[in-house]
$ cat run19.cif   # mmCIF, C-alpha atoms and all ligand atoms
data_input
loop_
_atom_site.label_atom_id
_atom_site.label_comp_id
_atom_site.auth_asym_id
_atom_site.auth_seq_id
_atom_site.Cartn_x
_atom_site.Cartn_y
_atom_site.Cartn_z
CA MET F 98 -14.49 -23.44 -12.80
CA THR F 99 -12.46 -24.25 -9.71
CA ALA F 100 -11.56 -27.61 -11.26
CA ARG F 101 -10.56 -25.92 -14.52
CA ARG F 102 -8.56 -23.37 -12.57
CA ASN F 103 -6.70 -26.03 -10.63
CA ALA F 104 -5.93 -27.94 -13.81
CA THR F 105 -4.36 -24.96 -15.55
CA VAL F 106 -3.34 -22.16 -13.15
CA ALA F 107 -0.04 -22.57 -11.30
CA ARG F 108 -0.44 -23.60 -7.67
CA GLY F 109 1.87 -20.80 -6.51
CA VAL F 110 -0.81 -18.27 -7.44
CA SER F 111 -3.26 -18.81 -4.60
CA THR F 112 -6.78 -17.51 -4.00
CA THR F 113 -8.48 -16.22 -0.84
CA LEU F 114 -12.11 -16.98 -1.76
CA PRO F 115 -13.38 -19.91 -3.88
CA VAL F 116 -15.66 -17.71 -6.01
CA PHE F 117 -15.56 -16.47 -9.60
CA VAL F 118 -16.56 -12.84 -10.05
CA THR F 119 -18.91 -11.91 -12.88
CA ALA F 120 -19.61 -8.25 -12.04
CA ALA F 121 -18.67 -5.67 -9.40
CA GLY F 122 -19.47 -2.12 -8.37
CA GLY F 123 -20.63 0.03 -5.47
CA GLY F 124 -18.82 -2.13 -2.92
CA ILE F 125 -20.46 -5.39 -4.06
CA LEU F 126 -18.98 -8.34 -5.95
CA LEU F 127 -21.34 -10.72 -7.80
CA ASP F 128 -20.23 -14.31 -8.31
CA ALA F 129 -21.02 -16.96 -10.88
CA ASP F 130 -23.42 -18.73 -8.48
CA GLY F 131 -25.49 -15.57 -8.06
CA ASN F 132 -24.12 -14.63 -4.62
CA SER F 133 -23.37 -11.03 -3.73
CA LEU F 134 -20.43 -10.27 -1.47
CA ILE F 135 -19.68 -7.05 0.37
CA ASP F 136 -16.20 -5.90 -0.58
CA PHE F 137 -13.92 -4.84 2.29
CA GLY F 138 -10.82 -5.59 0.21
CA SER F 139 -11.04 -3.50 -2.99
CA GLY F 140 -8.81 -6.07 -4.71
CA ILE F 141 -6.07 -5.26 -2.15
CA ALA F 142 -6.58 -1.49 -1.95
CA VAL F 143 -6.96 -0.94 -5.69
CA ALA F 144 -10.62 -0.21 -6.48
CA SER F 145 -10.75 2.90 -4.27
CA VAL F 146 -13.04 4.68 -6.73
CA GLY F 147 -15.18 1.52 -6.93
CA ASN F 148 -15.27 -1.16 -9.58
CA ALA F 149 -16.23 -0.07 -13.10
CA ALA F 150 -16.37 3.54 -11.86
CA ALA F 151 -18.25 5.63 -14.44
CA ARG F 152 -15.44 8.12 -15.23
CA VAL F 153 -12.88 5.31 -15.47
CA ALA F 154 -15.07 3.18 -17.74
CA GLU F 155 -15.92 6.12 -20.03
CA ARG F 156 -12.32 7.26 -20.47
CA VAL F 157 -11.06 3.71 -20.95
CA GLN F 158 -13.70 2.95 -23.59
CA ALA F 159 -12.88 6.13 -25.48
CA GLN F 160 -9.15 5.44 -25.32
CA VAL F 161 -9.48 1.82 -26.41
CA ALA F 162 -11.41 2.93 -29.48
CA GLN F 163 -8.74 5.54 -30.29
CA PHE F 164 -5.48 3.58 -29.85
CA THR F 165 -4.31 0.98 -27.33
CA HIS F 166 -0.50 1.17 -27.46
CA THR F 167 2.30 2.96 -29.22
CA CYS F 168 5.02 2.77 -26.51
CA PHE F 169 5.71 6.13 -24.91
CA MET F 170 9.43 5.64 -25.57
CA VAL F 171 8.74 5.45 -29.33
CA THR F 172 5.86 7.82 -30.08
CA PRO F 173 4.45 9.62 -27.03
CA TYR F 174 0.85 10.68 -26.28
CA GLU F 175 -0.82 13.24 -24.05
CA GLY F 176 -2.37 10.90 -21.43
CA TYR F 177 1.04 9.95 -20.01
CA VAL F 178 2.00 13.61 -19.64
CA GLU F 179 -1.34 14.45 -18.03
CA VAL F 180 -0.90 11.68 -15.43
CA CYS F 181 2.59 13.03 -14.60
CA GLU F 182 1.11 16.54 -14.28
CA GLU F 183 -1.50 15.19 -11.84
CA LEU F 184 1.21 13.39 -9.85
CA SER F 185 3.22 16.62 -9.62
CA ARG F 186 0.14 18.45 -8.41
CA ARG F 187 -1.13 15.86 -5.92
CA THR F 188 1.97 14.39 -4.25
CA PRO F 189 3.35 16.15 -1.14
CA GLY F 190 5.55 19.22 -1.59
CA THR F 191 5.54 22.21 -3.91
CA HIS F 192 9.06 21.66 -5.31
CA ASP F 193 9.77 21.00 -8.99
CA LYS F 194 8.90 17.34 -9.70
CA ARG F 195 9.25 14.71 -12.42
CA SER F 196 7.55 11.32 -12.79
CA ALA F 197 8.11 8.07 -14.65
CA LEU F 198 5.32 5.53 -15.19
CA PHE F 199 5.46 1.75 -14.85
CA ASN F 200 3.10 -1.24 -14.65
CA SER F 201 3.21 -2.56 -11.09
CA GLY F 202 4.10 -1.46 -7.61
CA ALA F 203 7.19 -3.65 -7.50
CA GLU F 204 8.43 -2.13 -10.75
CA ALA F 205 7.97 1.37 -9.32
CA VAL F 206 9.93 0.44 -6.17
CA GLU F 207 12.77 -1.09 -8.23
CA ASN F 208 12.98 2.06 -10.30
CA ALA F 209 12.92 4.33 -7.25
CA VAL F 210 15.96 2.44 -5.94
CA LYS F 211 17.69 2.65 -9.33
CA ILE F 212 17.10 6.40 -9.42
CA ALA F 213 18.28 6.94 -5.83
CA ARG F 214 21.46 4.96 -6.46
CA HIS F 215 22.17 6.82 -9.66
CA ALA F 216 21.52 10.23 -8.10
CA THR F 217 23.64 9.62 -4.99
CA GLY F 218 26.37 7.37 -6.40
CA ARG F 219 25.78 5.18 -3.31
CA GLN F 220 24.52 1.60 -3.07
CA ALA F 221 23.01 0.76 0.32
CA VAL F 222 19.24 0.73 0.79
CA VAL F 223 17.65 0.65 4.23
CA ALA F 224 14.26 -1.03 4.70
CA PHE F 225 12.21 -1.89 7.77
CA ASP F 226 10.99 -4.90 9.69
CA HIS F 227 7.49 -5.88 8.46
CA ALA F 228 8.07 -4.03 5.17
CA TYR F 229 6.43 -5.16 1.95
CA HIS F 230 7.71 -3.77 -1.32
CA GLY F 231 7.01 -6.51 -3.89
CA ARG F 232 7.91 -9.91 -5.32
CA THR F 233 10.60 -9.17 -7.93
CA ASN F 234 14.20 -9.93 -6.97
CA LEU F 235 15.19 -6.54 -5.59
CA THR F 236 11.79 -5.96 -3.98
CA MET F 237 11.81 -9.44 -2.39
CA ALA F 238 15.07 -8.39 -0.76
CA LEU F 239 13.33 -5.27 0.56
CA THR F 240 10.29 -7.25 1.75
CA ALA F 241 10.71 -8.55 5.29
CA LYS F 242 8.50 -11.63 5.51
CA ASN F 243 9.85 -15.00 4.42
CA MET F 244 6.70 -17.10 3.91
CA PRO F 245 5.20 -16.95 1.35
CA TYR F 246 7.15 -14.20 -0.40
CA LYS F 247 10.80 -15.27 -0.24
CA GLN F 248 10.97 -18.94 0.76
CA GLY F 249 13.14 -20.78 -1.77
CA PHE F 250 13.44 -17.80 -4.14
CA GLY F 251 16.94 -16.59 -3.22
CA PRO F 252 19.62 -15.47 -3.69
CA PHE F 253 18.37 -11.96 -3.08
CA ALA F 254 19.76 -8.62 -4.20
CA GLY F 255 22.60 -7.26 -2.10
CA GLU F 256 23.18 -3.99 -0.26
CA VAL F 257 19.80 -4.13 1.48
CA TYR F 258 19.88 -3.45 5.24
CA ARG F 259 16.99 -3.92 7.65
CA VAL F 260 16.19 -1.87 10.74
CA PRO F 261 13.38 -2.15 13.32
CA MET F 262 10.00 -0.62 12.57
CA ALA F 263 8.32 1.67 15.09
CA TYR F 264 5.55 -0.81 15.93
CA PRO F 265 3.87 0.58 19.03
CA LEU F 266 1.99 -2.59 20.09
CA ARG F 267 5.08 -4.81 19.85
CA TRP F 268 7.85 -2.43 20.94
CA PRO F 269 9.63 -4.22 23.83
CA ASP F 270 8.64 -1.67 26.47
CA GLY F 271 5.35 -0.63 24.91
CA PRO F 272 3.99 2.24 22.84
CA GLU F 273 5.45 5.10 24.90
CA ALA F 274 8.94 3.62 24.72
CA CYS F 275 8.40 3.13 20.99
CA ARG F 276 7.74 6.84 20.56
CA ALA F 277 10.82 7.71 22.59
CA GLU F 278 13.27 5.09 21.31
CA ALA F 279 12.48 3.90 17.77
CA LEU F 280 13.96 6.77 15.79
CA LYS F 281 17.12 6.87 17.91
CA LEU F 282 17.62 3.13 17.49
CA VAL F 283 17.14 3.26 13.71
CA LYS F 284 19.61 6.14 13.35
CA SER F 285 22.22 4.47 15.53
CA LEU F 286 21.93 1.16 13.64
CA ILE F 287 22.34 2.91 10.28
CA HIS F 288 25.36 4.76 11.64
CA ALA F 289 27.00 1.71 13.20
CA GLN F 290 26.20 -0.99 10.65
CA VAL F 291 25.98 0.79 7.30
CA GLY F 292 27.44 4.31 7.56
CA GLU F 293 25.27 7.24 6.51
CA GLU F 294 27.59 8.15 3.63
CA ASN F 295 26.97 4.73 2.02
CA VAL F 296 23.19 4.93 2.07
CA ALA F 297 21.46 5.77 -1.22
CA ALA F 298 17.93 5.51 0.13
CA VAL F 299 15.71 4.76 3.09
CA ILE F 300 12.41 3.27 1.95
CA ILE F 301 9.34 3.09 4.17
CA GLU F 302 5.57 2.64 3.88
CA PRO F 303 4.07 5.56 5.88
CA ILE F 304 1.50 3.05 7.16
CA GLN F 305 2.78 -0.47 6.55
CA GLY F 306 0.39 -2.57 4.47
CA GLU F 307 1.02 -6.32 4.13
CA GLY F 308 3.13 -6.21 7.31
CA GLY F 309 0.05 -5.49 9.43
CA PHE F 310 -1.23 -1.92 8.96
CA ILE F 311 1.39 -0.67 11.37
CA VAL F 312 1.10 3.04 12.11
CA PRO F 313 4.33 4.55 13.45
CA PRO F 314 4.04 7.07 16.29
CA GLU F 315 3.80 10.78 15.54
CA GLY F 316 7.22 12.21 14.74
CA PHE F 317 8.87 8.97 13.56
CA LEU F 318 8.47 9.61 9.83
CA ARG F 319 9.36 13.29 10.21
CA GLY F 320 12.49 12.47 12.19
CA LEU F 321 13.49 9.87 9.65
CA SER F 322 13.05 12.26 6.73
CA GLU F 323 15.09 14.93 8.56
CA PHE F 324 17.85 12.39 9.19
CA CYS F 325 17.86 11.52 5.47
CA ALA F 326 18.01 15.18 4.45
CA GLU F 327 20.89 15.79 6.84
CA HIS F 328 22.94 12.97 5.30
CA GLY F 329 22.07 13.30 1.61
CA ILE F 330 20.01 10.08 1.72
CA VAL F 331 17.01 9.82 -0.61
CA PHE F 332 13.84 9.37 1.47
CA ILE F 333 11.44 7.12 -0.46
CA ALA F 334 7.82 6.88 0.70
CA ASP F 335 6.20 3.72 -0.65
CA GLU F 336 2.60 4.95 -0.90
CA ILE F 337 1.51 2.08 -3.12
CA GLN F 338 -1.07 0.86 -0.59
CA SER F 339 -1.56 4.01 1.53
CA GLY F 340 -1.75 6.57 -1.28
CA PHE F 341 -4.50 8.08 -3.41
CA CYS F 342 -6.94 9.08 -0.66
CA ARG F 343 -6.95 5.74 1.18
CA THR F 344 -5.99 7.16 4.59
CA GLY F 345 -8.08 10.34 4.37
CA ASP F 346 -5.37 12.47 2.74
CA TRP F 347 -4.23 12.23 -0.86
CA PHE F 348 -1.05 10.65 0.55
CA ALA F 349 -0.47 9.23 4.04
CA CYS F 350 2.76 11.26 4.46
CA GLU F 351 0.73 14.48 4.55
CA HIS F 352 -0.70 13.54 7.93
CA ASP F 353 2.84 13.56 9.33
CA GLY F 354 3.85 16.74 7.51
CA VAL F 355 6.52 14.82 5.61
CA VAL F 356 7.67 15.67 2.08
CA PRO F 357 9.44 12.62 0.63
CA ASP F 358 12.19 12.93 -2.00
CA LEU F 359 10.60 10.13 -4.03
CA VAL F 360 7.09 8.65 -3.81
CA THR F 361 6.08 5.32 -5.30
CA THR F 362 2.41 4.89 -6.26
CA ALA F 363 0.31 2.14 -7.88
CA LYS F 364 -2.89 0.30 -6.83
CA GLY F 365 -5.51 3.05 -6.29
CA ILE F 366 -4.02 5.28 -9.00
CA ALA F 367 -5.95 3.83 -11.95
CA GLY F 368 -9.25 2.32 -10.80
CA GLY F 369 -8.03 -1.25 -11.37
CA LEU F 370 -5.90 -0.93 -14.48
CA PRO F 371 -2.18 -1.69 -14.08
CA LEU F 372 -0.27 1.55 -13.60
CA ALA F 373 2.47 2.66 -11.21
CA ALA F 374 4.72 5.67 -10.85
CA VAL F 375 7.81 7.13 -9.28
CA THR F 376 7.44 10.85 -8.59
CA GLY F 377 10.08 13.02 -7.00
CA ARG F 378 12.43 15.96 -6.85
CA ALA F 379 13.38 17.00 -10.38
CA GLU F 380 17.10 17.02 -9.61
CA ILE F 381 17.00 13.43 -8.32
CA MET F 382 14.71 12.07 -11.05
CA ASP F 383 16.66 13.83 -13.81
CA ALA F 384 20.02 12.56 -12.58
CA VAL F 385 19.36 9.50 -14.74
CA HIS F 386 20.60 9.69 -18.35
CA PRO F 387 18.05 9.58 -21.22
CA GLY F 388 17.13 5.94 -21.90
CA GLY F 389 18.05 4.83 -18.37
CA LEU F 390 14.41 4.33 -17.36
CA GLY F 391 11.50 2.80 -19.20
CA GLY F 392 9.76 -0.38 -20.35
CA THR F 393 7.49 -1.42 -23.22
CA TYR F 394 4.17 -0.88 -21.45
CA GLY F 395 4.96 1.66 -18.74
CA GLY F 396 2.26 4.36 -18.83
CA ASN F 397 0.12 2.45 -21.31
CA PRO F 398 -2.47 4.85 -22.80
CA VAL F 399 -5.48 2.85 -21.59
CA ALA F 400 -4.08 2.70 -18.03
CA CYS F 401 -3.37 6.45 -18.17
CA ALA F 402 -6.96 7.14 -19.30
CA ALA F 403 -8.17 5.06 -16.34
CA ALA F 404 -5.90 6.99 -13.96
CA LEU F 405 -7.24 10.33 -15.19
CA GLY F 406 -10.79 9.04 -14.63
CA ALA F 407 -9.89 7.78 -11.17
CA ILE F 408 -8.16 11.00 -10.11
CA GLU F 409 -11.08 13.06 -11.44
CA THR F 410 -13.42 10.89 -9.35
CA MET F 411 -11.30 11.34 -6.21
CA GLN F 412 -11.44 15.11 -6.65
CA ALA F 413 -15.10 15.41 -7.69
CA GLU F 414 -16.43 13.06 -4.99
CA ASP F 415 -14.09 14.21 -2.22
CA LEU F 416 -12.73 10.71 -1.64
CA PRO F 417 -10.27 11.89 1.06
CA GLY F 418 -13.35 13.08 2.99
CA LYS F 419 -15.15 9.80 2.27
CA ALA F 420 -12.13 7.84 3.55
CA ARG F 421 -12.13 9.85 6.78
CA ARG F 422 -15.85 9.22 7.19
CA ILE F 423 -15.29 5.45 6.75
CA GLY F 424 -12.74 5.59 9.56
CA ASP F 425 -15.16 7.55 11.73
CA VAL F 426 -17.80 4.86 11.25
CA MET F 427 -15.50 1.84 11.59
CA LEU F 428 -13.17 2.76 14.44
CA PRO F 429 -15.79 3.21 17.21
CA ARG F 430 -17.55 -0.02 16.22
CA LEU F 431 -14.27 -1.95 16.16
CA ARG F 432 -13.23 -0.50 19.53
CA LYS F 433 -16.54 -1.65 20.95
CA LEU F 434 -15.92 -5.10 19.48
CA ALA F 435 -12.46 -5.10 21.05
CA SER F 436 -13.93 -4.39 24.47
CA ALA F 437 -16.19 -7.45 24.07
CA TYR F 438 -13.48 -9.78 22.67
CA PRO F 439 -10.14 -9.72 24.51
CA ALA F 440 -8.56 -11.54 21.54
CA ILE F 441 -8.53 -8.14 19.80
CA ALA F 442 -5.29 -6.63 21.09
CA ASP F 443 -5.25 -3.55 18.88
CA VAL F 444 -7.53 -1.48 16.64
CA ARG F 445 -5.54 0.81 14.37
CA GLY F 446 -5.27 2.59 11.06
CA ARG F 447 -6.46 5.79 9.48
CA GLY F 448 -9.31 6.66 7.12
CA ALA F 449 -10.26 3.59 5.12
CA MET F 450 -7.08 1.66 5.97
CA ILE F 451 -8.15 0.00 9.22
CA ALA F 452 -7.13 -3.22 10.97
CA ILE F 453 -7.49 -5.28 14.13
CA GLU F 454 -4.69 -7.44 15.53
CA LEU F 455 -5.61 -10.74 17.21
CA THR F 456 -3.65 -12.37 20.01
CA LYS F 457 -4.17 -15.01 22.66
CA PRO F 458 -6.24 -13.05 25.21
CA GLY F 459 -4.20 -11.14 27.74
CA THR F 460 -0.90 -11.72 25.88
CA LEU F 461 0.90 -10.45 22.79
CA GLU F 462 1.18 -13.96 21.37
CA PRO F 463 -0.19 -13.73 17.80
CA ASP F 464 -3.26 -15.83 17.03
CA PRO F 465 -3.22 -16.55 13.28
CA ALA F 466 -5.67 -19.46 13.71
CA ALA F 467 -8.37 -17.26 15.25
CA THR F 468 -7.67 -14.65 12.58
CA ALA F 469 -8.13 -17.19 9.80
CA ALA F 470 -11.31 -18.51 11.46
CA VAL F 471 -12.88 -15.04 11.68
CA ALA F 472 -11.92 -14.33 8.07
CA ALA F 473 -13.41 -17.66 6.94
CA ALA F 474 -16.65 -16.96 8.84
CA CYS F 475 -16.87 -13.55 7.15
CA HIS F 476 -16.29 -15.08 3.74
CA GLN F 477 -18.95 -17.71 4.40
CA ALA F 478 -21.42 -14.95 5.30
CA GLY F 479 -20.57 -12.91 2.20
CA LEU F 480 -18.05 -10.34 3.43
CA VAL F 481 -14.66 -10.13 1.72
CA VAL F 482 -12.01 -9.37 4.35
CA LEU F 483 -8.26 -9.86 4.00
CA THR F 484 -5.66 -10.92 6.54
CA CYS F 485 -2.13 -9.56 6.78
CA GLY F 486 0.72 -9.15 9.22
CA THR F 487 4.12 -10.77 9.66
CA PHE F 488 2.45 -13.26 12.02
CA GLY F 489 -0.76 -13.63 9.97
CA ASN F 490 -2.83 -12.32 12.86
CA VAL F 491 -4.22 -9.07 11.47
CA LEU F 492 -7.62 -8.57 9.82
CA ARG F 493 -7.55 -5.56 7.52
CA PHE F 494 -10.39 -3.56 6.07
CA LEU F 495 -10.00 -1.67 2.79
CA PRO F 496 -13.49 -0.88 1.52
CA PRO F 497 -13.85 1.07 -1.71
CA LEU F 498 -13.97 4.74 -0.72
CA VAL F 499 -17.31 5.13 -2.50
CA ILE F 500 -19.03 2.45 -0.40
CA GLY F 501 -22.44 3.52 0.93
CA GLU F 502 -22.82 3.74 4.69
CA PRO F 503 -25.61 1.13 4.98
CA LEU F 504 -23.36 -1.39 3.21
CA LEU F 505 -20.43 -0.45 5.43
CA GLU F 506 -22.58 -1.01 8.54
CA GLU F 507 -23.88 -4.31 7.11
CA GLY F 508 -20.31 -5.48 6.60
CA LEU F 509 -19.47 -4.58 10.20
CA ASP F 510 -22.57 -6.52 11.37
CA ILE F 511 -21.22 -9.60 9.57
CA LEU F 512 -17.82 -9.13 11.21
CA GLU F 513 -19.43 -8.89 14.66
CA ASP F 514 -21.44 -12.06 13.99
CA ALA F 515 -18.25 -13.81 12.88
CA PHE F 516 -16.62 -13.09 16.25
CA ALA F 517 -19.71 -14.46 18.01
CA ILE F 518 -19.56 -17.82 16.22
CA ILE F 519 -15.85 -18.61 16.39
N1 LIG N 1 4.54 -1.76 -2.03
C1 LIG N 1 3.37 -0.99 -0.02
O1 LIG N 1 1.40 -2.91 -0.73
C2 LIG N 1 1.52 -4.61 -3.06
C3 LIG N 1 0.66 -7.54 -2.57
C4 LIG N 1 -0.18 -8.66 -2.96
P1 LIG N 1 2.56 -4.83 -6.93
N2 LIG N 1 0.74 -5.16 -2.02
C5 LIG N 1 -0.12 -6.27 -2.38
C6 LIG N 1 0.64 -9.90 -3.14
O2 LIG N 1 0.54 -10.79 -2.28
O3 LIG N 1 1.38 -9.97 -4.13
C7 LIG N 1 2.58 -3.58 -2.70
C8 LIG N 1 2.46 -2.78 -1.55
C9 LIG N 1 3.48 -1.86 -1.24
C10 LIG N 1 4.68 -2.49 -3.14
C11 LIG N 1 3.71 -3.42 -3.51
C12 LIG N 1 3.89 -4.20 -4.78
O4 LIG N 1 2.92 -3.84 -5.73
O5 LIG N 1 1.68 -4.00 -7.82
O6 LIG N 1 1.85 -6.01 -6.32
O7 LIG N 1 3.85 -5.21 -7.58
#
$ encode --input "run19.cif" --output "structure tokens"
Amino acid sequence: MTARRNATVARGVSTTLPVFVTAAGGGILLDADGNSLIDFGSGIAVASVGNAAARVAERVQAQVAQFTHTCFMVTPYEGYVEVCEELSRRTPGTHDKRSALFNSGAEAVENAVKIARHATGRQAVVAFDHAYHGRTNLTMALTAKNMPYKQGFGPFAGEVYRVPMAYPLRWPDGPEACRAEALKLVKSLIHAQVGEENVAAVIIEPIQGEGGFIVPPEGFLRGLSEFCAEHGIVFIADEIQSGFCRTGDWFACEHDGVVPDLVTTAKGIAGGLPLAAVTGRAEIMDAVHPGGLGGTYGGNPVACAAALGAIETMQAEDLPGKARRIGDVMLPRLRKLASAYPAIADVRGRGAMIAIELTKPGTLEPDPAATAAVAAACHQAGLVVLTCGTFGNVLRFLPPLVIGEPLLEEGLDILEDAFAII
């Protein structure tokens, strides 16, 4: 199958593990050779409710038998409306909200920027160091990292400005200085280099995903959202990776007491089917003229049925609580590992969005080679882990929120063994 793949699938679409999945569920992937792998990746933070989750499968099967597509822009159906009602109910803030549905995270981010520009009549968009917002042209411009996302794919969309991220481990004078200085620096750069009155939106991942699971210090997100409110700037929280119970709250912003103007969601929203959304203040969302937003497949009925099954599962099985429990099990074990291996410079994250950052011992010099070696040893032993980070030196753990504790512990055993052999 690998030979067939290589003969027909474009090289640009790469693969982390050389296996072909035949079935998955309960935190385990089965491959075509009969191996079982423990899943600490959830297909990049998507299968939060587990693979083939019962409520998702049932609703999808029923919907597929009923009708598969009409195009909501031509002849609407209830599932789309129900998903928007759930988004209004679940996203932070009690204000009047509207949503629009799309197919992928990048598409949601593009539309959030379109909406913010339309609503403000301004053009500039401010994004952060280490940000990841997608691979389409506008979202590539918002994404910080060159390789592999941007190299050779320019020119990029204009009116995108980048400011430093509050990255405690790598702030020049350390975490305490980061807490004290980051917000001030960001505000002064926006003032000096862009001008507040030109900024349509500030977009930020409340916990950065691909960039390295970077958790800003307490107060940074709140201060940023207050700054936006003060200057009529739309504050967009990209919760595509951090949202839908992953961090132990329905949305990561809640932990910081922040109510974004617009929220982008995707990944965990629909148990593996492609669905994404922009949800936000009614007056901002409805600034756009009828027909200004849409797409053939956005809010496809089968994807909406899956989302309703996934959201029902999150509620019924208390997945925010399960995510917090995963963090409570993982963090102490990872901290213990860090005290045994000085290459682990940082253990961070929240709920079931946890990472370790690897450096040359005693320094902050990133060690992507050691990171890749640990990941490869895990893969060899049957544990799916993913790497991330601007410098490729972060191992991230995103187990399905429904994973059983024995399996979680077994995965951590494999990780510990991997450190011992490299
Ligand atoms: N915003 C915060 O995490 C997707 C990227 C995988 P799409 N992250 C996984 C890869 O290498 O392509 C992501 C994200 C945040 C936006 C996106 C984009 O979501 O559904 O991949 O378009």
$ closest_atom_pairs --input "run19.cif" --of "chain F" --to "ligand LIG 1 (chain N)" --cutoff "10 Å" --atoms "only C-alpha atoms and all ligand atoms" --output "CSV"
residue,atom,partner,partner_atom,distance
F:Val110,CA,N:LIG1,O2,9.2
F:Ser111,CA,N:LIG1,O2,9.2
F:Gly140,CA,N:LIG1,C5,9.0
F:Ile141,CA,N:LIG1,C5,6.0
F:Ala142,CA,N:LIG1,C5,8.0
F:Val143,CA,N:LIG1,C5,9.3
F:Phe199,CA,N:LIG1,O5,9.8
F:Asn200,CA,N:LIG1,O5,7.5
F:Ser201,CA,N:LIG1,O5,3.9
F:Gly202,CA,N:LIG1,O4,3.3
F:Ala203,CA,N:LIG1,O7,3.7
F:Glu204,CA,N:LIG1,O7,6.4
F:Ala205,CA,N:LIG1,O7,8.0
F:Val206,CA,N:LIG1,C10,6.7
F:Glu207,CA,N:LIG1,C10,9.7
F:Ala228,CA,N:LIG1,C1,7.6
F:Tyr229,CA,N:LIG1,C9,5.5
F:His230,CA,N:LIG1,C10,3.8
F:Gly231,CA,N:LIG1,C12,4.0
F:Arg232,CA,N:LIG1,O7,6.6
F:Thr233,CA,N:LIG1,O7,7.8
F:Thr236,CA,N:LIG1,C10,8.0
F:Met237,CA,N:LIG1,C12,9.8
F:Leu239,CA,N:LIG1,C10,9.8
F:Thr240,CA,N:LIG1,N1,8.8
F:Pro245,CA,N:LIG1,O2,8.5
F:Tyr246,CA,N:LIG1,O2,7.7
F:Ile301,CA,N:LIG1,C1,8.4
F:Glu302,CA,N:LIG1,C1,5.8
F:Pro303,CA,N:LIG1,C1,8.8
F:Ile304,CA,N:LIG1,C1,8.4
F:Gln305,CA,N:LIG1,C1,6.6
F:Gly306,CA,N:LIG1,O1,5.3
F:Glu307,CA,N:LIG1,O1,5.9
F:Gly308,CA,N:LIG1,O1,8.9
F:Ala334,CA,N:LIG1,C1,9.1
F:Asp335,CA,N:LIG1,C1,5.5
F:Glu336,CA,N:LIG1,C1,6.1
F:Ile337,CA,N:LIG1,C1,4.7
F:Gln338,CA,N:LIG1,O1,4.5
F:Ser339,CA,N:LIG1,C1,7.2
F:Gly340,CA,N:LIG1,C1,9.2
F:Thr361,CA,N:LIG1,N1,7.9
F:Thr362,CA,N:LIG1,N1,8.2
F:Ala363,CA,N:LIG1,O5,6.3
F:Lys364,CA,N:LIG1,O5,6.4
F:Pro371,CA,N:LIG1,O5,7.7
F:Leu372,CA,N:LIG1,O5,8.2
F:Ala373,CA,N:LIG1,O5,7.5
F:Cys485,CA,N:LIG1,O2,9.5
$ atom_distance --input "run19.cif" --atom1 "CA of Gly131 (chain F)" --atom2 "CA of Thr112 (chain F)"
19.2 Å
$ atom_distance --input "run19.cif" --atom1 "CA of Leu370 (chain F)" --atom2 "CA of Gly448 (chain F)"
23.1 Å
$ residues_around --input "run19.cif" --residues "Ala263 (chain F)" --least-positions-apart "5" --cutoff "12 Å" --atoms "all atoms listed in the file" --output "PyMOL selection string"
chain F and resi 225-228+268-283+301-305+310-318+320-321
$ closest_atom_pairs --input "run19.cif" --of "region 357-397 of chain F" --to "region 488-510 of chain F" --cutoff "12 Å" --atoms "all atoms listed in the file" --output "JSON lines"
{"residue": "F:Gly365", "atom": "CA", "partner": "F:Pro497", "partner_atom": "CA", "distance": 9.7}
{"residue": "F:Gly368", "atom": "CA", "partner": "F:Pro497", "partner_atom": "CA", "distance": 10.3}
{"residue": "F:Gly369", "atom": "CA", "partner": "F:Pro497", "partner_atom": "CA", "distance": 11.5}
$ residues_around --input "run19.cif" --residues "Cys401 (chain F)" --least-positions-apart "4" --cutoff "10 Å" --atoms "only C-alpha atoms" --output "ChimeraX atom specification"
/F:153,156-157,160,175-181,198,366-367,370-373,395-397,405-407
